[in-house]
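Raw contents of my_file.txt, compact mmCIF, C-alpha atoms:
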# COMPACT_ATOMS: atom_id res chain seq x y z
CA MET R 1244 -147.93 -97.01 126.89
CA LEU R 1245 -147.13 -99.28 129.83
CA LYS R 1246 -144.22 -101.07 128.27
CA ALA R 1247 -140.96 -99.53 127.14
CA TYR R 1248 -137.97 -100.85 125.25
CA ARG R 1249 -134.47 -100.40 126.65
CA PRO R 1250 -131.92 -98.59 124.47
CA VAL R 1251 -129.34 -101.37 124.65
CA GLY R 1252 -128.45 -104.70 126.23
CA ASN R 1253 -129.20 -108.36 125.59
CA SER R 1254 -130.27 -111.03 128.03
CA ILE R 1255 -127.63 -113.20 129.68
CA ALA R 1256 -127.28 -116.94 129.05
CA LEU R 1257 -126.78 -118.79 132.33
CA ARG R 1258 -124.97 -121.84 130.98
CA SER R 1259 -121.66 -122.13 132.83
CA SER R 1260 -118.47 -123.58 131.35
CA ASP R 1261 -114.70 -123.06 131.39
CA PHE R 1262 -113.49 -120.17 129.23
CA ASP R 1263 -110.39 -120.99 127.20
CA GLY R 1264 -110.15 -117.81 125.13
CA GLU R 1265 -112.61 -118.85 122.43
CA GLY R 1266 -113.04 -115.93 120.04
CA PHE R 1267 -109.75 -114.28 121.07
CA THR R 1268 -107.36 -116.17 118.77
CA PRO R 1269 -104.57 -115.14 117.97
CA PHE R 1270 -104.43 -112.73 120.90
CA GLY R 1271 -103.02 -113.22 124.33
CA PHE R 1272 -105.55 -111.99 126.87
CA LYS R 1273 -105.85 -111.09 130.53
CA LEU R 1274 -109.19 -110.73 132.26
CA TYR R 1275 -110.08 -108.01 134.77
CA GLN R 1276 -113.14 -107.11 136.84
CA SER R 1277 -114.41 -104.53 134.32
CA GLY R 1278 -113.69 -102.97 130.97
CA THR R 1279 -112.56 -99.81 132.77
CA ALA R 1280 -110.06 -101.82 134.83
CA ALA R 1281 -108.84 -103.54 131.66
CA LEU R 1282 -108.31 -100.17 129.98
CA SER R 1283 -106.44 -98.84 133.00
CA ALA R 1284 -104.25 -101.95 133.02
CA ALA R 1285 -103.32 -101.28 129.38
CA ILE R 1286 -102.56 -97.63 130.16
CA LEU R 1287 -100.39 -98.61 133.14
CA THR R 1288 -98.48 -100.93 130.82
CA CYS R 1289 -97.96 -98.18 128.23
CA ILE R 1290 -96.60 -95.90 130.95
CA LYS R 1291 -94.33 -98.65 132.28
CA LEU R 1292 -92.91 -99.34 128.83
CA SER R 1293 -92.46 -95.62 128.09
CA ASN R 1294 -90.11 -95.15 131.07
CA LEU R 1295 -91.77 -91.81 131.86
CA PRO R 1296 -93.01 -90.91 135.35
CA ALA R 1297 -96.77 -91.55 135.46
CA ARG R 1298 -97.49 -88.05 136.81
CA VAL R 1299 -96.29 -86.38 133.58
CA THR R 1300 -97.73 -88.80 131.06
CA GLU R 1301 -100.59 -87.85 128.75
CA ILE R 1302 -103.16 -90.02 127.00
CA ILE R 1303 -105.10 -88.71 124.00
CA ILE R 1304 -108.83 -89.54 123.88
CA PRO R 1305 -111.89 -88.31 121.96
CA ALA R 1306 -113.67 -85.28 123.45
CA TYR R 1307 -116.95 -87.16 122.98
CA ALA R 1308 -116.69 -90.53 124.71
CA CYS R 1309 -117.60 -92.57 127.78
CA PRO R 1310 -116.43 -91.04 131.09
CA ASP R 1311 -114.93 -94.43 131.97
CA LEU R 1312 -112.00 -93.54 129.70
CA VAL R 1313 -111.17 -90.71 132.07
CA SER R 1314 -111.60 -92.99 135.10
CA ALA R 1315 -109.09 -95.47 133.66
CA ILE R 1316 -106.53 -92.76 132.85
CA LEU R 1317 -106.77 -91.08 136.24
CA TYR R 1318 -106.35 -94.40 138.06
CA ALA R 1319 -103.14 -94.94 136.09
CA GLY R 1320 -101.89 -91.53 137.24
CA ALA R 1321 -101.85 -89.98 133.77
CA LYS R 1322 -103.51 -86.91 132.29
CA PRO R 1323 -106.42 -87.21 129.81
CA VAL R 1324 -105.94 -84.97 126.76
CA LEU R 1325 -109.18 -84.38 124.87
CA VAL R 1326 -109.15 -84.12 121.08
CA ASP R 1327 -112.00 -82.91 118.89
CA LEU R 1328 -113.78 -85.00 116.26
CA GLN R 1329 -114.06 -84.85 112.52
CA PRO R 1330 -117.21 -83.07 111.25
CA ASN R 1331 -120.40 -85.18 111.53
CA SER R 1332 -118.41 -88.17 112.72
CA PRO R 1333 -117.40 -90.04 115.89
CA HIS R 1334 -113.85 -90.28 114.51
CA LEU R 1335 -110.91 -88.44 116.02
CA SER R 1336 -109.57 -85.54 113.98
CA ILE R 1337 -106.14 -86.64 112.76
CA SER R 1338 -104.91 -83.05 112.60
CA GLN R 1339 -106.04 -82.46 116.20
CA ILE R 1340 -104.25 -85.61 117.36
CA LYS R 1341 -101.01 -84.31 115.84
CA LYS R 1342 -101.57 -80.86 117.35
CA ASN R 1343 -101.96 -82.28 120.86
CA ILE R 1344 -98.95 -84.62 120.90
CA THR R 1345 -96.20 -83.56 123.31
CA ASP R 1346 -93.02 -85.14 124.67
CA ASN R 1347 -95.17 -86.58 127.47
CA THR R 1348 -97.76 -88.24 125.23
CA VAL R 1349 -97.67 -92.01 125.70
CA ALA R 1350 -100.74 -93.36 123.90
CA VAL R 1351 -103.81 -92.62 121.78
CA ILE R 1352 -107.09 -94.33 122.66
CA ALA R 1353 -109.21 -94.92 119.55
CA VAL R 1354 -112.82 -95.89 120.22
CA ASN R 1355 -114.78 -98.37 118.13
CA PHE R 1356 -117.94 -96.26 118.42
CA LEU R 1357 -121.03 -98.51 118.70
CA GLY R 1358 -119.45 -100.85 116.14
CA ILE R 1359 -118.20 -98.14 113.74
CA PRO R 1360 -114.42 -98.70 113.59
CA GLU R 1361 -112.03 -95.79 113.97
CA GLN R 1362 -109.64 -94.80 111.20
CA VAL R 1363 -107.03 -97.12 112.61
CA THR R 1364 -104.65 -96.99 109.63
CA GLN R 1365 -104.26 -93.20 109.84
CA ILE R 1366 -104.03 -93.17 113.63
CA ARG R 1367 -101.50 -96.02 113.59
CA GLN R 1368 -99.33 -94.02 111.20
CA VAL R 1369 -99.36 -91.02 113.56
CA CYS R 1370 -98.54 -93.28 116.52
CA ASN R 1371 -95.65 -94.88 114.66
CA GLU R 1372 -94.25 -91.50 113.66
CA HIS R 1373 -94.23 -90.30 117.29
CA GLY R 1374 -93.44 -93.55 119.09
CA LEU R 1375 -96.86 -93.82 120.74
CA PHE R 1376 -98.92 -96.82 121.77
CA LEU R 1377 -102.31 -97.35 120.13
CA ILE R 1378 -105.09 -98.61 122.38
CA ILE R 1379 -108.33 -99.72 120.72
CA ASP R 1380 -111.32 -99.34 123.04
CA SER R 1381 -113.62 -102.06 121.72
CA ALA R 1382 -116.05 -102.03 124.64
CA GLN R 1383 -118.91 -101.32 122.19
CA TRP R 1384 -118.02 -103.94 119.57
CA PHE R 1385 -117.35 -107.65 119.41
CA PRO R 1386 -116.90 -109.70 116.21
CA LYS R 1387 -119.76 -111.83 114.97
CA THR R 1388 -117.29 -113.90 112.93
CA ALA R 1389 -113.59 -114.76 113.09
CA ASP R 1390 -112.75 -111.35 111.57
CA THR R 1391 -110.90 -109.48 114.33
CA ARG R 1392 -109.25 -106.87 112.08
CA PRO R 1393 -110.72 -103.94 114.08
CA TRP R 1394 -108.60 -105.18 117.02
CA ALA R 1395 -105.51 -103.61 115.45
CA GLY R 1396 -104.14 -101.84 118.49
CA ASP R 1397 -101.08 -102.58 120.56
CA PHE R 1398 -103.69 -103.19 123.24
CA ASN R 1399 -107.37 -103.94 122.56
CA ILE R 1400 -109.99 -103.55 125.27
CA ILE R 1401 -113.21 -105.53 125.65
CA SER R 1402 -115.98 -105.06 128.18
CA PHE R 1403 -118.48 -107.68 129.33
CA GLY R 1404 -120.46 -105.13 131.34
CA ARG R 1405 -124.16 -104.38 131.25
CA GLY R 1406 -125.26 -103.13 127.85
CA LYS R 1407 -122.15 -104.35 126.04
CA PRO R 1408 -122.28 -106.73 123.02
CA VAL R 1409 -121.30 -109.77 125.09
CA ASN R 1410 -123.10 -108.98 128.32
CA ILE R 1411 -122.52 -110.81 131.59
CA LEU R 1412 -122.85 -107.66 133.80
CA SER R 1413 -119.17 -107.74 134.80
CA GLY R 1414 -115.67 -108.18 133.47
CA GLY R 1415 -113.30 -106.96 130.80
CA ALA R 1416 -110.21 -108.05 128.92
CA VAL R 1417 -106.98 -106.75 127.44
CA LEU R 1418 -105.93 -108.39 124.17
CA THR R 1419 -102.52 -108.09 122.54
CA THR R 1420 -100.44 -110.07 120.06
CA GLN R 1421 -97.13 -108.80 121.47
CA ALA R 1422 -95.61 -111.14 124.08
CA ASP R 1423 -93.60 -108.36 125.76
CA PHE R 1424 -96.70 -106.18 126.04
CA PHE R 1425 -98.67 -109.08 127.50
CA ASN R 1426 -95.97 -109.90 130.03
CA ALA R 1427 -95.88 -106.28 131.18
CA LEU R 1428 -99.61 -106.14 131.99
CA PRO R 1429 -100.23 -105.68 135.72
CA ASP R 1430 -101.26 -108.63 137.81
CA SER R 1431 -104.70 -108.46 139.35
CA THR R 1432 -105.85 -109.45 142.81
CA THR R 1433 -108.63 -111.98 143.38
CA ASP R 1434 -111.71 -111.03 145.38
CA ASP R 1435 -112.98 -113.33 148.10
CA ILE R 1436 -115.47 -115.90 146.85
CA SER R 1437 -118.30 -117.31 148.94
CA ILE R 1438 -121.48 -119.30 148.38
CA ILE R 1439 -123.55 -116.32 149.50
CA LYS R 1440 -121.82 -113.93 147.09
CA GLY R 1441 -122.16 -116.44 144.28
CA THR R 1442 -125.88 -116.86 144.94
CA LEU R 1443 -126.40 -113.10 145.01
CA LYS R 1444 -124.62 -112.70 141.68
CA LEU R 1445 -126.79 -115.39 140.11
CA LEU R 1446 -129.89 -113.69 141.50
CA LYS R 1447 -128.68 -110.35 140.10
CA ILE R 1448 -128.44 -111.86 136.61
CA ILE R 1449 -131.89 -113.45 136.86
CA LEU R 1450 -133.40 -110.14 137.97
CA TYR R 1451 -131.61 -108.33 135.15
CA ASN R 1452 -133.02 -110.76 132.57
CA LEU R 1453 -136.47 -110.07 134.00
CA ALA R 1454 -136.06 -106.30 134.27
CA ILE R 1455 -135.15 -105.82 130.60
CA GLN R 1456 -138.45 -107.31 129.40
CA PRO R 1457 -140.49 -104.43 127.91
CA TYR R 1458 -143.28 -104.35 130.51
CA PHE R 1459 -140.91 -104.63 133.45
CA TYR R 1460 -138.47 -102.15 131.91
CA GLY R 1461 -141.31 -99.69 131.35
CA PHE R 1462 -142.13 -99.91 135.06
CA PHE R 1463 -138.55 -99.52 136.30
CA ALA R 1464 -137.73 -96.73 133.83
CA ARG R 1465 -140.52 -94.62 135.30
CA LEU R 1466 -139.48 -95.03 138.93
CA PRO R 1467 -138.05 -91.78 140.31
CA GLY R 1468 -134.46 -91.78 141.50
CA LEU R 1469 -133.21 -94.79 139.53
CA ASN R 1470 -131.66 -92.61 136.78
CA ILE R 1471 -131.50 -95.51 134.35
CA GLY R 1472 -129.11 -94.73 131.49
CA ASP R 1473 -127.63 -91.56 133.03
CA THR R 1474 -124.07 -90.72 131.99
CA ARG R 1475 -121.96 -90.20 135.09
CA PHE R 1476 -118.30 -90.13 136.04
CA LYS R 1477 -117.39 -93.00 138.39
CA PRO R 1478 -113.79 -93.15 139.63
CA LEU R 1479 -111.98 -96.47 139.35
CA ASN R 1480 -110.63 -97.49 142.77
CA ARG R 1481 -108.95 -100.84 142.13
CA ILE R 1482 -107.88 -103.41 139.56
CA SER R 1483 -108.77 -107.03 140.25
CA THR R 1484 -109.36 -110.13 138.19
CA ILE R 1485 -112.78 -111.12 136.88
CA ASP R 1486 -114.91 -113.08 139.31
CA PRO R 1487 -114.64 -116.83 138.44
CA GLN R 1488 -118.44 -117.13 138.36
CA TYR R 1489 -118.69 -114.43 135.70
CA ARG R 1490 -115.73 -115.89 133.80
CA ARG R 1491 -117.64 -119.15 133.42
CA LEU R 1492 -120.44 -117.27 131.61
CA ILE R 1493 -118.23 -115.74 128.91
CA LYS R 1494 -118.18 -118.71 126.51
CA SER R 1495 -121.94 -119.27 126.36
CA ASN R 1496 -122.65 -115.55 125.97
CA ILE R 1497 -120.11 -115.11 123.17
CA ARG R 1498 -121.87 -117.95 121.34
CA LYS R 1499 -125.28 -116.42 122.10
CA TYR R 1500 -124.17 -113.06 120.72
CA GLN R 1501 -122.61 -114.53 117.58
CA HIS R 1502 -125.81 -116.45 116.75
CA GLN R 1503 -128.11 -113.49 117.40
CA ASN R 1504 -129.63 -111.84 114.34
CA SER R 1505 -128.66 -108.21 113.85
CA CYS R 1506 -131.23 -105.68 112.66
CA SER R 1507 -128.58 -103.04 111.86
CA TRP R 1508 -128.67 -103.60 108.10
CA GLU R 1509 -132.46 -103.62 108.09
CA ILE R 1510 -132.45 -100.20 109.79
CA HIS R 1511 -129.86 -98.99 107.29
CA ASN R 1512 -131.99 -100.01 104.31
CA LYS R 1513 -135.11 -98.41 105.77
CA LEU R 1514 -133.24 -95.16 106.49
CA LYS R 1515 -132.40 -94.92 102.77
CA THR R 1516 -136.10 -94.36 102.06
CA ILE R 1517 -136.11 -91.19 104.20
CA SER R 1518 -134.86 -88.16 102.30
CA SER R 1519 -133.78 -85.18 104.39
CA GLN R 1520 -130.89 -82.75 104.29
CA ILE R 1521 -130.61 -82.75 108.07
CA LEU R 1522 -130.48 -86.55 108.50
CA VAL R 1523 -127.03 -88.17 108.55
CA ASP R 1524 -126.65 -91.96 108.64
CA LEU R 1525 -123.35 -92.58 110.44
CA LEU R 1526 -122.84 -96.05 108.99
CA PRO R 1527 -119.69 -95.84 106.79
CA ASP R 1528 -120.05 -95.93 103.01
CA ASN R 1529 -117.92 -99.09 102.82
CA ALA R 1530 -120.16 -101.01 105.23
CA THR R 1531 -121.62 -104.31 104.07
CA GLU R 1532 -124.38 -106.48 105.46
CA GLU R 1533 -121.79 -108.97 106.71
CA ASN R 1534 -119.79 -106.43 108.75
CA THR R 1535 -122.65 -104.24 109.97
CA VAL R 1536 -123.17 -105.15 113.61
CA LEU R 1537 -123.96 -102.09 115.71
CA LEU R 1538 -124.56 -101.99 119.45
CA ARG R 1539 -126.95 -99.10 118.78
CA TYR R 1540 -127.66 -97.49 115.41
CA PRO R 1541 -126.36 -93.89 115.43
CA ILE R 1542 -127.78 -91.11 113.30
CA LEU R 1543 -127.47 -87.34 113.34
CA ILE R 1544 -130.45 -85.00 113.11
CA LYS R 1545 -128.84 -81.66 112.39
CA ASN R 1546 -131.47 -79.61 114.11
CA ARG R 1547 -131.42 -79.97 117.88
CA SER R 1548 -135.05 -79.06 118.47
CA ILE R 1549 -136.21 -81.69 115.96
CA ARG R 1550 -133.77 -84.21 117.41
CA ASP R 1551 -135.11 -83.58 120.91
CA LYS R 1552 -138.73 -83.77 119.81
CA PHE R 1553 -138.09 -87.05 117.98
CA PHE R 1554 -136.39 -88.45 121.10
CA ARG R 1555 -139.25 -87.47 123.39
CA GLN R 1556 -141.74 -89.26 121.15
CA THR R 1557 -139.69 -92.44 120.77
CA LYS R 1558 -137.76 -92.93 124.02
CA ASP R 1559 -140.21 -95.67 125.04
CA TYR R 1560 -139.19 -97.43 121.82
CA GLY R 1561 -135.57 -97.54 122.99
CA VAL R 1562 -134.34 -94.42 121.20
CA SER R 1563 -131.56 -92.70 123.15
CA ILE R 1564 -129.50 -89.51 123.09
CA PHE R 1565 -126.45 -91.45 124.41
CA TYR R 1566 -123.73 -89.27 126.05
CA PRO R 1567 -125.39 -85.87 126.44
CA ARG R 1568 -122.30 -83.63 126.24
CA PRO R 1569 -118.53 -83.70 125.56
CA LEU R 1570 -116.46 -85.18 128.36
CA ASN R 1571 -115.37 -81.91 129.95
CA GLU R 1572 -119.05 -80.98 130.43
CA ILE R 1573 -120.10 -84.26 132.06
CA SER R 1574 -121.09 -83.97 135.72
CA GLY R 1575 -118.09 -84.62 137.95
CA LEU R 1576 -115.49 -83.90 135.26
CA GLU R 1577 -115.80 -80.13 134.99
CA GLY R 1578 -112.98 -79.49 137.46
CA ILE R 1579 -110.82 -82.39 136.27
CA LEU R 1580 -110.62 -81.79 132.52
CA ASP R 1581 -109.62 -78.63 130.69
CA SER R 1582 -112.54 -76.27 130.10
CA GLN R 1583 -111.68 -75.55 126.46
CA SER R 1584 -114.25 -75.78 123.70
CA PHE R 1585 -114.61 -78.71 121.33
CA PRO R 1586 -116.98 -77.39 118.64
CA ARG R 1587 -117.32 -80.58 116.63
CA ALA R 1588 -117.84 -82.75 119.70
CA ASN R 1589 -120.43 -80.24 120.92
CA GLU R 1590 -122.22 -80.33 117.57
CA PHE R 1591 -122.07 -84.13 117.53
CA SER R 1592 -123.63 -84.39 121.00
CA ASP R 1593 -126.34 -81.89 120.06
CA HIS R 1594 -127.40 -83.90 117.01
CA LEU R 1595 -126.73 -87.55 117.85
CA VAL R 1596 -129.54 -90.01 118.54
CA THR R 1597 -129.32 -93.80 118.62
CA LEU R 1598 -131.87 -96.43 117.62
CA PRO R 1599 -132.03 -99.80 119.44
CA THR R 1600 -130.66 -102.96 117.83
CA HIS R 1601 -130.93 -105.51 120.66
CA GLU R 1602 -132.66 -108.90 120.60
CA HIS R 1603 -136.15 -107.55 121.41
CA VAL R 1604 -136.17 -105.19 118.41
CA ASP R 1605 -138.40 -106.40 115.58
CA GLU R 1606 -139.52 -104.94 112.26
CA LYS R 1607 -142.68 -103.43 113.75
CA LEU R 1608 -140.70 -101.50 116.33
CA ILE R 1609 -138.26 -100.25 113.68
CA ASP R 1610 -141.15 -99.13 111.47
CA ASN R 1611 -142.78 -97.28 114.39
CA ILE R 1612 -139.54 -95.44 115.17
CA LEU R 1613 -138.86 -94.50 111.55
CA ALA R 1614 -142.46 -93.38 111.00
CA VAL R 1615 -142.03 -90.81 113.77
CA LEU R 1616 -138.65 -89.80 112.36
CA LYS R 1617 -140.05 -89.26 108.86
CA LYS R 1618 -143.01 -87.31 110.21
CA GLU R 1619 -140.76 -84.91 112.12
CA LEU R 1620 -138.30 -84.49 109.26
CA ASP R 1621 -141.12 -83.82 106.79
CA ARG R 1622 -142.15 -80.85 108.96
CA GLN R 1623 -138.72 -79.29 108.43
CA PRO R 1624 -139.07 -76.31 106.03

Could you spell out this file's structure in structure tokens?
Amino acid sequence: MLKAYRPVGNSIALRSSDFDGEGFTPFGFKLYQSGTAALSAAILTCIKLSNLPARVTEIIIPAYACPDLVSAILYAGAKPVLVDLQPNSPHLSISQIKKNITDNTVAVIAVNFLGIPEQVTQIRQVCNEHGLFLIIDSAQWFPKTADTRPWAGDFNIISFGRGKPVNILSGGAVLTTQADFFNALPDSTTDDISIIKGTLKLLKIILYNLAIQPYFYGFFARLPGLNIGDTRFKPLNRISTIDPQYRRLIKSNIRKYQHQNSCSWEIHNKLKTISSQILVDLLPDNATEENTVLLRYPILIKNRSIRDKFFRQTKDYGVSIFYPRPLNEISGLEGILDSQSFPRANEFSDHLVTLPTHEHVDEKLIDNILAVLKKELDRQP
């Protein structure tokens, strides 16, 4: 098969216009050069408002998450505290959050995992009881409608990076409804702007739009040394504002995303026809067609060998294993994070696989993926 489908990421609309915060009402917002920088800005603000020295502060995060969470915390001078998950779920264990709170804990970061909201009500209650800030990491979700209820944190983080719902390859935002929180957010420096740099950025976007086409992506994915999709720890080294050229792409790409059809509910309905004791559909029971918009569609196959075999047969269809291990086992973080065991996060990483939901996914591709899945599950004794 010469062509291959990417696991995630939509093409970028090139229409340029002023961005006035469309889609962010009623939040105040500040834009930064990346989602990681935006998250670090929120953490710095939490530390500032806590009146604790940064070097002693602790931030609670899921043990299974993007390494960029660690990058943001370390840049702010705080300590990441990993917490295990609930069984067969991306959600933080509430009991483990409570167990890991100390006098130095400043905030809890709750992740909207691929569009599956965290248990914000329960986590908010814990934060209120202990005087902690709640940060919602919404890098993997953006509303299709005016319903912004999942942005229920003191600070809510958005990413416009590659592979995110609203994708312009660069940029991030902090959203908050609290004026004092907004005013405490750190200022950001502005990078130098030149015609040459602007032209190169435009060329980068054009090449990206070309490279994600299935035949081109199949070629690039097979080139040695590119390591497309690898999960790696990358330290954050600065906080600056979003480049004005990228800022002018936000409005058109929010509109593009909100008018794009989602195949998430179609995948959900087709998964119902597959009966297996080792298959877990991670879409919540209270999900509806209107609110089901997933960046990737996550399922668990509770047999690692079957999961791995299914992945090998369907990776050219855009199927992905996502983050391969818990955070403290990711390359580059072994000596930074505590080496304790997180059994539920380990089990989750061993069994998770994601199905593509981007704009190039059609019914035929979904049927091909699920045919392989059913075939492998049927072989299970």

Protein/DNA/RNA residues near (-112.4, -81.6, 130.7), cut 9 Å, only C-alpha atoms, as a compact mmCIF listing (two decimals) with C-alpha atoms, in the coordinates of the input:
# COMPACT_ATOMS: atom_id res chain seq x y z
CA ALA R 1306 -113.67 -85.28 123.45
CA PRO R 1323 -106.42 -87.21 129.81
CA VAL R 1324 -105.94 -84.97 126.76
CA LEU R 1325 -109.18 -84.38 124.87
CA PRO R 1569 -118.53 -83.70 125.56
CA LEU R 1570 -116.46 -85.18 128.36
CA ASN R 1571 -115.37 -81.91 129.95
CA GLU R 1572 -119.05 -80.98 130.43
CA ILE R 1573 -120.10 -84.26 132.06
CA LEU R 1576 -115.49 -83.90 135.26
CA GLU R 1577 -115.80 -80.13 134.99
CA GLY R 1578 -112.98 -79.49 137.46
CA ILE R 1579 -110.82 -82.39 136.27
CA LEU R 1580 -110.62 -81.79 132.52
CA ASP R 1581 -109.62 -78.63 130.69
CA SER R 1582 -112.54 -76.27 130.10
CA GLN R 1583 -111.68 -75.55 126.46

State, in Å with one decimal place, the distance from atom CA of R:Lys1273 to atom CA of R:Ile1439.
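Atom CA of R:Ile1439 lies 26.5 Å from atom CA of R:Lys1273.
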
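By chain and then residue number, the residues within 10 Å of R:Leu1616 are Leu1514, Ile1517, Leu1522, Ile1544, Ile1549, Arg1550, Lys1552, Phe1553, Phe1554, Gln1556, Thr1557, Asp1610, Asn1611 and Asp1621 of chain R, counting all atoms listed in the file and disregarding those fewer than 5 positions away in sequence.
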
Just the residues within 12 Å of R:Ile1366, please, counting all atoms listed in the file, with nothing from its chain fewer than 5 positions along; format it as a ChimeraX atom specification.
/R:1303-1304,1334-1341,1350-1354,1360-1361,1371-1379,1395-1396

Using all atoms listed in the file, which residues of stretch 1274-1377 of chain R come within 12 Å of stretch 1494-1510 of chain R, and what is the closest atom pair for each, with the distance in Å to one decimal? Give it as a tab-separated table, sorted by chain and residue number.
residue	atom	partner	partner_atom	distance
R:Leu1357	CA	R:Ser1507	CA	11.1
R:Gly1358	CA	R:Ser1507	CA	10.3
R:Ile1359	CA	R:Ser1507	CA	11.6

Take the residues from that selection and write them out as a short mmCIF file (atom, residue, chain, number, x, y, z; two decimals), keeping the file's coordinate frame, keeping C-alpha atoms.
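Below is the file out.cif, written as the result:
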data_model
loop_
_atom_site.label_atom_id
_atom_site.label_comp_id
_atom_site.auth_asym_id
_atom_site.auth_seq_id
_atom_site.Cartn_x
_atom_site.Cartn_y
_atom_site.Cartn_z
CA LEU R 1357 -121.03 -98.51 118.70
CA GLY R 1358 -119.45 -100.85 116.14
CA ILE R 1359 -118.20 -98.14 113.74
#

Quick one: residues within 12 Å of R:Asp1380, all atoms listed in the file counted, chain neighbours fewer than 6 positions away excluded, as an MDAnalysis selection string?
chainID R and resid 1278:1279 1281:1283 1285:1286 1304:1305 1308:1309 1311:1312 1315 1351:1361 1363 1393:1402 1415:1418

Store the residues of this selection in a file with C-alpha atoms, as a PDB file, in the frame of the given file.
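Okay, this is what ended up in out.pdb:
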ATOM      1  CA  GLY R1278    -113.690-102.970 130.970  1.00  0.00           C
ATOM      2  CA  THR R1279    -112.560 -99.810 132.770  1.00  0.00           C
ATOM      3  CA  ALA R1281    -108.840-103.540 131.660  1.00  0.00           C
ATOM      4  CA  LEU R1282    -108.310-100.170 129.980  1.00  0.00           C
ATOM      5  CA  SER R1283    -106.440 -98.840 133.000  1.00  0.00           C
ATOM      6  CA  ALA R1285    -103.320-101.280 129.380  1.00  0.00           C
ATOM      7  CA  ILE R1286    -102.560 -97.630 130.160  1.00  0.00           C
ATOM      8  CA  ILE R1304    -108.830 -89.540 123.880  1.00  0.00           C
ATOM      9  CA  PRO R1305    -111.890 -88.310 121.960  1.00  0.00           C
ATOM     10  CA  ALA R1308    -116.690 -90.530 124.710  1.00  0.00           C
ATOM     11  CA  CYS R1309    -117.600 -92.570 127.780  1.00  0.00           C
ATOM     12  CA  ASP R1311    -114.930 -94.430 131.970  1.00  0.00           C
ATOM     13  CA  LEU R1312    -112.000 -93.540 129.700  1.00  0.00           C
ATOM     14  CA  ALA R1315    -109.090 -95.470 133.660  1.00  0.00           C
ATOM     15  CA  VAL R1351    -103.810 -92.620 121.780  1.00  0.00           C
ATOM     16  CA  ILE R1352    -107.090 -94.330 122.660  1.00  0.00           C
ATOM     17  CA  ALA R1353    -109.210 -94.920 119.550  1.00  0.00           C
ATOM     18  CA  VAL R1354    -112.820 -95.890 120.220  1.00  0.00           C
ATOM     19  CA  ASN R1355    -114.780 -98.370 118.130  1.00  0.00           C
ATOM     20  CA  PHE R1356    -117.940 -96.260 118.420  1.00  0.00           C
ATOM     21  CA  LEU R1357    -121.030 -98.510 118.700  1.00  0.00           C
ATOM     22  CA  GLY R1358    -119.450-100.850 116.140  1.00  0.00           C
ATOM     23  CA  ILE R1359    -118.200 -98.140 113.740  1.00  0.00           C
ATOM     24  CA  PRO R1360    -114.420 -98.700 113.590  1.00  0.00           C
ATOM     25  CA  GLU R1361    -112.030 -95.790 113.970  1.00  0.00           C
ATOM     26  CA  VAL R1363    -107.030 -97.120 112.610  1.00  0.00           C
ATOM     27  CA  PRO R1393    -110.720-103.940 114.080  1.00  0.00           C
ATOM     28  CA  TRP R1394    -108.600-105.180 117.020  1.00  0.00           C
ATOM     29  CA  ALA R1395    -105.510-103.610 115.450  1.00  0.00           C
ATOM     30  CA  GLY R1396    -104.140-101.840 118.490  1.00  0.00           C
ATOM     31  CA  ASP R1397    -101.080-102.580 120.560  1.00  0.00           C
ATOM     32  CA  PHE R1398    -103.690-103.190 123.240  1.00  0.00           C
ATOM     33  CA  ASN R1399    -107.370-103.940 122.560  1.00  0.00           C
ATOM     34  CA  ILE R1400    -109.990-103.550 125.270  1.00  0.00           C
ATOM     35  CA  ILE R1401    -113.210-105.530 125.650  1.00  0.00           C
ATOM     36  CA  SER R1402    -115.980-105.060 128.180  1.00  0.00           C
ATOM     37  CA  GLY R1415    -113.300-106.960 130.800  1.00  0.00           C
ATOM     38  CA  ALA R1416    -110.210-108.050 128.920  1.00  0.00           C
ATOM     39  CA  VAL R1417    -106.980-106.750 127.440  1.00  0.00           C
ATOM     40  CA  LEU R1418    -105.930-108.390 124.170  1.00  0.00           C
TER      41      LEU R1418
END

If you count all atoms listed in the file, which residues fall within 7 Å of R:Val1251, apart from same-chain ones fewer than 5 positions away, as a PyMOL selection string?
chain R and resi 1406+1539+1599+1601

Straight-line distance linking atom CA of R:Lys1513 with atom CA of R:Asn1331, stated in Å to one decimal
20.6 Å

Quick one: which stretch 1556-1613 of chain R residues come within 12 Å of stretch 1451-1456 of chain R, and what is the nearest atom pair for each with the distance in Å to one decimal, counting only C-alpha atoms, rows ordered by chain and ascending number, as CSV?
residue,atom,partner,partner_atom,distance
R:Gly1561,CA,R:Ile1455,CA,11.3
R:His1601,CA,R:Ile1455,CA,10.8
R:Glu1602,CA,R:Gln1456,CA,10.7
R:His1603,CA,R:Gln1456,CA,8.3
R:Val1604,CA,R:Gln1456,CA,11.4

Separation of atom CA of R:Arg1475 from atom CA of R:Val1349, in Å and rounded to one decimal
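Interatomic distance, atom CA of R:Arg1475 to atom CA of R:Val1349: 26.1 Å.
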
Counting only C-alpha atoms, the residue of R:Gln1365, R:Thr1474, R:Ser1277, R:Thr1600 that sits nearest R:Leu1538:
R:Thr1600

Find, counting only C-alpha atoms, the residue in R:Tyr1458, R:Phe1267, R:Tyr1566, R:Phe1403 that gets nearest to R:Thr1391.
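Among the listed residues, R:Phe1267 lies closest to R:Thr1391.
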
Neighbouring residues of R:Tyr1560 were defined as those with any atom within 8 Å, considering all atoms listed in the file; residues of the same chain fewer than 3 positions away were excluded. Please report them as a tab-separated table (two decimals) with C-alpha atoms, in the frame of the given file.
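Done, and the output landed in around-v4.tsv:
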chain	number	residue	atom	x	y	z
R	1247	ALA	CA	-140.96	-99.53	127.14
R	1248	TYR	CA	-137.97	-100.85	125.25
R	1249	ARG	CA	-134.47	-100.40	126.65
R	1250	PRO	CA	-131.92	-98.59	124.47
R	1557	THR	CA	-139.69	-92.44	120.77
R	1599	PRO	CA	-132.03	-99.80	119.44
R	1608	LEU	CA	-140.70	-101.50	116.33
R	1612	ILE	CA	-139.54	-95.44	115.17
